[in-house]
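Containing compact mmCIF, C-alpha atoms: run-v3.txt.
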# COMPACT_ATOMS: atom_id res chain seq x y z
CA MET A 1 -155.58 50.08 57.99
CA SER A 2 -152.02 51.38 57.56
CA PRO A 3 -150.97 53.60 54.61
CA ALA A 4 -148.97 50.72 53.16
CA ALA A 5 -151.99 48.42 53.37
CA HIS A 6 -154.16 51.05 51.67
CA ALA A 7 -151.66 51.35 48.84
CA ALA A 8 -151.35 47.59 48.43
CA ALA A 9 -155.13 47.19 48.27
CA ILE A 10 -155.51 49.90 45.61
CA LEU A 11 -152.70 48.54 43.48
CA ALA A 12 -154.08 45.00 43.75
CA ILE A 13 -157.35 46.26 42.25
CA ALA A 14 -156.08 48.86 39.82
CA LEU A 15 -153.02 47.30 38.22
CA PRO A 16 -154.70 44.12 36.92
CA TRP A 17 -157.49 46.33 35.54
CA LEU A 18 -155.03 48.71 33.91
CA SER A 19 -153.22 45.78 32.33
CA GLY A 20 -156.31 44.47 30.61
CA GLY A 21 -159.32 44.16 32.89
CA ALA A 22 -161.03 47.41 31.90
CA PRO A 23 -164.10 47.37 29.66
CA ALA A 24 -163.21 47.24 25.96
CA ALA A 25 -159.58 46.57 26.85
CA ASP A 26 -158.82 45.07 23.44
CA SER A 27 -159.57 48.39 21.74
CA ALA A 28 -158.30 50.71 24.48
CA ARG A 29 -155.32 53.00 24.22
CA TRP A 30 -153.00 53.57 27.15
CA ARG A 31 -150.97 56.49 28.46
CA ILE A 32 -148.16 56.60 31.00
CA GLU A 33 -146.75 59.87 32.34
CA LEU A 34 -144.02 60.82 34.77
CA LYS A 35 -144.45 64.25 36.34
CA ARG A 36 -141.97 66.25 38.37
CA GLN A 37 -143.43 69.20 40.32
CA ASN A 38 -141.39 71.70 42.32
CA THR A 39 -143.74 73.80 44.43
CA ASP A 40 -143.15 76.81 46.67
CA ARG A 41 -145.52 78.00 49.44
CA ASP A 42 -147.72 74.96 49.00
CA THR A 43 -151.00 74.04 50.65
CA PRO A 44 -151.75 70.49 51.95
CA GLY A 45 -151.54 67.98 49.13
CA GLU A 46 -149.60 70.33 46.82
CA SER A 47 -145.98 69.90 47.90
CA THR A 48 -142.92 69.15 45.74
CA ARG A 49 -143.28 65.64 44.31
CA THR A 50 -142.85 63.12 41.54
CA THR A 51 -146.03 61.46 40.22
CA LEU A 52 -146.47 58.32 38.14
CA ARG A 53 -149.75 58.53 36.20
CA MET A 54 -151.30 55.57 34.37
CA GLU A 55 -154.37 56.01 32.16
CA ALA A 56 -156.60 53.71 30.14
CA LEU A 57 -158.51 55.30 27.24
CA PRO A 58 -161.17 52.74 26.28
CA GLU A 59 -164.01 52.96 23.82
CA GLY A 60 -167.54 53.10 25.13
CA PRO A 61 -169.26 55.43 27.63
CA VAL A 62 -166.20 55.71 29.91
CA ALA A 63 -163.51 57.69 28.11
CA LEU A 64 -160.77 57.56 30.76
CA TRP A 65 -159.62 55.66 33.82
CA ARG A 66 -156.68 57.16 35.72
CA LEU A 67 -154.43 56.07 38.57
CA ASP A 68 -152.08 58.64 40.15
CA LEU A 69 -149.25 57.39 42.36
CA PRO A 70 -147.69 60.49 43.96
CA PHE A 71 -144.31 60.41 45.68
CA PRO A 72 -143.81 63.68 47.61
CA ASP A 73 -140.26 64.56 48.60
CA GLU A 74 -139.28 64.13 52.24
CA LYS A 75 -138.24 67.81 52.15
CA THR A 76 -141.28 69.75 51.04
CA GLY A 77 -139.66 73.06 49.99
CA PHE A 78 -139.27 74.19 46.38
CA SER A 79 -135.91 72.46 45.87
CA GLY A 80 -137.24 69.33 47.60
CA SER A 81 -135.29 66.09 47.86
CA PRO A 82 -136.02 64.11 44.66
CA PHE A 83 -133.94 61.13 45.77
CA GLU A 84 -135.90 60.79 49.02
CA PRO A 85 -139.46 60.10 47.83
CA ARG A 86 -142.28 58.98 50.10
CA LEU A 87 -145.70 57.57 49.26
CA GLY A 88 -148.43 60.22 48.96
CA ASP A 89 -152.22 60.12 48.73
CA ILE A 90 -153.23 57.86 45.83
CA LYS A 91 -155.92 59.12 43.43
CA VAL A 92 -158.25 57.22 41.10
CA ARG A 93 -160.32 59.06 38.46
CA ALA A 94 -162.96 58.14 35.87
CA ARG A 95 -164.27 60.38 33.07
CA LEU A 96 -167.35 59.79 30.94
CA ARG A 97 -167.51 60.51 27.24
CA PRO A 98 -169.16 63.90 26.48
CA VAL A 99 -172.93 64.05 26.23
CA ASP A 100 -175.17 66.78 24.86
CA VAL A 101 -176.53 69.06 27.60
CA GLY A 102 -178.55 71.99 26.28
CA GLY A 103 -176.64 71.92 23.02
CA LEU A 104 -173.22 71.79 24.71
CA PRO A 105 -170.84 68.78 24.89
CA VAL A 106 -170.40 68.13 28.63
CA SER A 107 -168.05 65.56 30.14
CA PHE A 108 -168.65 64.39 33.71
CA PHE A 109 -165.84 62.98 35.85
CA SER A 110 -165.15 61.89 39.40
CA GLU A 111 -162.08 61.20 41.52
CA VAL A 112 -161.40 59.47 44.83
CA THR A 113 -158.37 60.38 46.96
CA LEU A 114 -157.18 57.89 49.58
CA PRO A 115 -155.13 58.86 52.66
CA THR A 116 -152.23 56.57 51.84
CA ALA A 117 -149.38 59.03 52.55
CA ASP A 118 -146.52 57.64 54.64
CA PRO A 119 -145.71 59.55 56.74
CA ASP A 120 -149.25 60.95 56.94
CA SER A 121 -147.87 64.49 57.24
CA LEU A 122 -147.22 64.35 53.47
CA GLY A 123 -150.92 63.82 52.76
CA GLN A 124 -154.24 65.28 53.84
CA GLY A 125 -155.33 62.43 56.08
CA LYS A 126 -158.82 62.30 54.56
CA TYR A 127 -160.82 60.20 52.15
CA GLN A 128 -161.94 62.67 49.50
CA VAL A 129 -164.51 62.53 46.72
CA MET A 130 -164.46 64.93 43.78
CA ALA A 131 -167.23 65.36 41.20
CA GLY A 132 -166.78 67.62 38.20
CA MET A 133 -167.87 68.53 34.71
CA GLU A 134 -166.23 70.20 31.73
CA THR A 135 -167.32 71.48 28.36
CA PHE A 136 -165.36 72.25 25.21
CA HIS A 137 -165.82 75.09 22.72
CA PRO A 138 -163.77 75.28 19.49
CA LEU A 139 -163.02 78.91 18.65
CA GLY A 140 -163.34 78.58 14.90
CA SER A 141 -163.75 82.30 14.28
CA ILE A 142 -160.20 83.01 15.49
CA SER A 143 -158.58 79.73 14.43
CA THR A 144 -156.52 79.17 11.28
CA ASP A 145 -155.38 76.15 9.32
CA ASP A 146 -152.27 75.94 11.51
CA HIS A 147 -153.71 77.10 14.84
CA ARG A 148 -156.75 75.46 16.44
CA LEU A 149 -157.98 77.43 19.44
CA SER A 150 -160.52 76.24 22.00
CA PHE A 151 -161.95 77.23 25.38
CA SER A 152 -162.70 74.70 28.15
CA PRO A 153 -164.46 75.79 31.37
CA GLN A 154 -164.58 73.28 34.20
CA VAL A 155 -166.01 73.03 37.73
CA GLN A 156 -165.07 70.59 40.49
CA GLN A 157 -166.51 70.02 43.96
CA VAL A 158 -164.25 68.29 46.50
CA VAL A 159 -165.34 67.05 49.94
CA SER A 160 -163.82 64.80 52.58
CA VAL A 161 -166.03 61.92 53.69
CA ALA A 162 -163.94 60.15 56.33
CA GLY A 163 -160.42 59.90 57.69
CA ASP A 164 -158.37 61.33 60.53
CA ALA A 165 -160.73 63.26 62.82
CA ASP A 166 -157.86 65.47 63.94
CA ARG A 167 -157.16 66.70 60.40
CA LYS A 168 -159.01 69.59 58.81
CA ASP A 169 -162.17 68.74 56.86
CA ILE A 170 -162.15 69.46 53.13
CA ASN A 171 -164.94 71.21 51.24
CA TYR A 172 -164.08 73.47 48.31
CA THR A 173 -165.21 74.36 44.81
CA LYS A 174 -162.60 74.72 42.10
CA LEU A 175 -163.15 76.39 38.74
CA GLU A 176 -160.90 76.17 35.69
CA PHE A 177 -160.90 78.33 32.58
CA ALA A 178 -158.51 76.97 29.95
CA LEU A 179 -157.64 78.54 26.59
CA ARG A 180 -155.83 76.08 24.32
CA ASP A 181 -153.94 76.49 21.06
CA SER A 182 -152.62 73.56 19.05
CA TRP A 183 -150.70 73.93 15.81
CA ARG A 184 -149.15 71.60 13.25
CA LYS A 185 -150.48 68.71 15.40
CA ASP A 186 -147.15 68.65 17.26
CA TYR A 187 -147.24 71.75 19.45
CA SER A 188 -149.65 73.02 22.09
CA LEU A 189 -150.04 75.93 24.47
CA LYS A 190 -152.55 76.19 27.32
CA LEU A 191 -153.34 79.17 29.56
CA THR A 192 -155.43 78.33 32.62
CA ALA A 193 -156.92 80.30 35.51
CA LYS A 194 -157.99 78.26 38.55
CA PRO A 195 -160.04 80.13 41.17
CA VAL A 196 -161.04 78.21 44.32
CA ILE A 197 -163.72 78.81 46.97
CA ASP A 198 -163.02 77.18 50.34
CA TRP A 199 -166.30 76.57 52.21
CA GLU A 200 -164.42 75.46 55.32
CA GLN A 201 -163.08 79.03 55.55
CA ASP A 202 -166.48 80.69 55.08
CA GLY A 203 -166.11 81.16 51.34
CA ARG A 204 -162.52 82.39 51.31
CA THR A 205 -161.12 82.50 47.77
CA GLY A 206 -157.78 82.03 46.08
CA ALA A 207 -156.53 81.39 42.57
CA VAL A 208 -153.53 80.32 40.55
CA ALA A 209 -152.66 80.83 36.88
CA GLU A 210 -150.74 78.35 34.75
CA VAL A 211 -149.13 78.38 31.31
CA GLU A 212 -148.22 75.04 29.76
CA GLY A 213 -146.43 74.25 26.52
CA GLY A 214 -146.18 70.82 24.91
CA VAL A 215 -144.33 69.09 22.09
CA SER A 216 -145.29 65.74 20.57
CA PHE A 217 -142.74 63.34 19.11
CA ARG A 218 -142.82 60.11 17.16
CA HIS A 219 -144.20 56.87 18.59
CA GLY A 220 -146.65 58.63 20.91
CA TRP A 221 -144.12 60.48 23.08
CA ARG A 222 -144.91 63.93 24.48
CA VAL A 223 -143.15 66.44 26.76
CA LEU A 224 -144.91 69.24 28.67
CA LEU A 225 -143.54 72.16 30.68
CA MET A 226 -145.86 74.10 33.00
CA LEU A 227 -145.23 77.27 35.02
CA GLY A 228 -147.76 78.32 37.65
CA TRP A 229 -148.11 81.13 40.16
CA ARG A 230 -150.57 82.47 42.71
CA LEU A 231 -152.97 85.20 41.61
CA TRP A 232 -154.47 85.88 45.04
CA GLY A 233 -155.43 84.26 48.34
CA GLU A 234 -153.12 82.26 50.60
CA SER A 235 -153.96 79.09 52.58
CA VAL A 236 -156.72 78.10 50.15
CA PRO A 237 -156.81 74.39 49.15
CA SER A 238 -155.16 73.32 45.87
CA THR A 239 -153.33 76.67 45.50
CA TYR A 240 -149.61 77.42 45.81
CA GLY A 241 -147.10 80.25 45.48
CA THR A 242 -145.12 79.13 42.44
CA ARG A 243 -144.72 75.83 40.61
CA VAL A 244 -142.60 74.35 37.83
CA GLU A 245 -143.82 71.04 36.38
CA LEU A 246 -142.11 68.85 33.78
CA THR A 247 -144.04 65.91 32.29
CA ALA A 248 -142.86 63.17 29.96
CA GLY A 249 -145.39 60.65 28.69
CA ARG A 250 -146.27 58.16 26.00
CA THR A 251 -149.59 57.11 24.49
CA PHE A 252 -149.72 53.68 22.88
Would you encode the structure as structure tokens?
Amino acid sequence: MSPAAHAAAILAIALPWLSGGAPAADSARWRIELKRQNTDRDTPGESTRTTLRMEALPEGPVALWRLDLPFPDEKTGFSGSPFEPRLGDIKVRARLRPVDVGGLPVSFFSEVTLPTADPDSLGQGKYQVMAGMETFHPLGSISTDDHRLSFSPQVQQVVSVAGDADRKDINYTKLEFALRDSWRKDYSLKLTAKPVIDWEQDGRTGAVAEVEGGVSFRHGWRVLLMLGWRLWGESVPSTYGTRVELTAGRTF
């Protein structure tokens, strides 16, 4: 099946669902985001791009459904070519509502990546499955009335299950350690470290760090600015040299 056919099939399934076919659609909230990422010294799947993200936030056991439509620039350097977008690898994610595991609230989630990039050089050429879990810890002892701090560790395992036999297989573990601060309900700051272990390279490691600030506005609008940079390890999946990301979104 061609990349265009893959994309058409996914959209045929996902868009009717996002527009009202999801469970508990009458009580669901919705979020739409537009992300612009400029990335230097990227690894496969991490190049300069614009991404349209659509999310459903229903009630019930499933807390989130997400569809990412990435449009990598034809020129993949840091400056890119924003007016020459191409279709990238489409991603679909689901997240369950937190459950109690040993006294901790744990949220399980999974994501499927489809090799829809056209040309295929702008994608990874593989069907990928990701499984992950995250927990959340309020840091009440160092929070104040204005500042609410929390810590969220996360682990993801990503593997390729099919696709172009000539492209490199994918098998890596990604950790995330996020420290969040929100104040006055309108402002947020997040510091995140993301180490990665690539099992296809005999356990080679790499990591990036990111700092992200956000401001919320009326009617559900929000703007986020993220700066990221490599801590160590080159040629490790999901890492990069430097990145600037601007996100504008609305929840309704």
| Neighbour list for range 214-225 of chain A as a list in words, cut-off 9 Å, all atoms listed in the file, skip fewer than 4 positions in-chain | Arg31, Lys185, Asp186, Tyr187, Ser188, Leu189, Lys190, Val244, Glu245, Leu246, Thr247, Ala248, Gly249, Arg250, Thr251 and Phe252 of chain A
| query | From the list A:Leu87, A:Leu104, A:Val196, A:Met130, which residue is nearest Glu176 in chain A when using only C-alpha atoms? | reply |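 Checking each candidate against Glu176 in chain A, we get A:Val196 as the closest.
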| request: Extract, using only C-alpha atoms, all DNA, RNA and protein residues at most 6 Å from Leu149 in chain A, discarding same-chain residues fewer than 2 positions from it, and format them as a ChimeraX atom specification. | output: /A:139,143,180-181
Those residues with C-alpha atoms, as a PDB file, keeping the file's coordinate frame please?
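Printed below is selection_19.pdb as written:
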ATOM      1  CA  LEU A 139    -163.020  78.910  18.650  1.00  0.00           C
ATOM      2  CA  SER A 143    -158.580  79.730  14.430  1.00  0.00           C
ATOM      3  CA  ARG A 180    -155.830  76.080  24.320  1.00  0.00           C
ATOM      4  CA  ASP A 181    -153.940  76.490  21.060  1.00  0.00           C
TER       5      ASP A 181
END
Can you find the residues with an atom no farther than 6 Å from (-144.6, 63.4, 37.9), counting all atoms listed in the file, and report them as an mmCIF file with C-alpha atoms, in the frame of the given file?
data_model
loop_
_atom_site.group_PDB
_atom_site.id
_atom_site.type_symbol
_atom_site.label_atom_id
_atom_site.label_comp_id
_atom_site.auth_asym_id
_atom_site.auth_seq_id
_atom_site.Cartn_x
_atom_site.Cartn_y
_atom_site.Cartn_z
ATOM 1 C CA LEU A 34 -144.020 60.820 34.770
ATOM 2 C CA LYS A 35 -144.450 64.250 36.340
ATOM 3 C CA ARG A 36 -141.970 66.250 38.370
ATOM 4 C CA THR A 50 -142.850 63.120 41.540
ATOM 5 C CA THR A 51 -146.030 61.460 40.220
ATOM 6 C CA LEU A 52 -146.470 58.320 38.140
#
| Quick one: of A:Ala28, A:Asn38, A:Leu175, A:Pro82, who's nearest to Leu64 in chain A, counting all atoms listed in the file? | A:Ala28
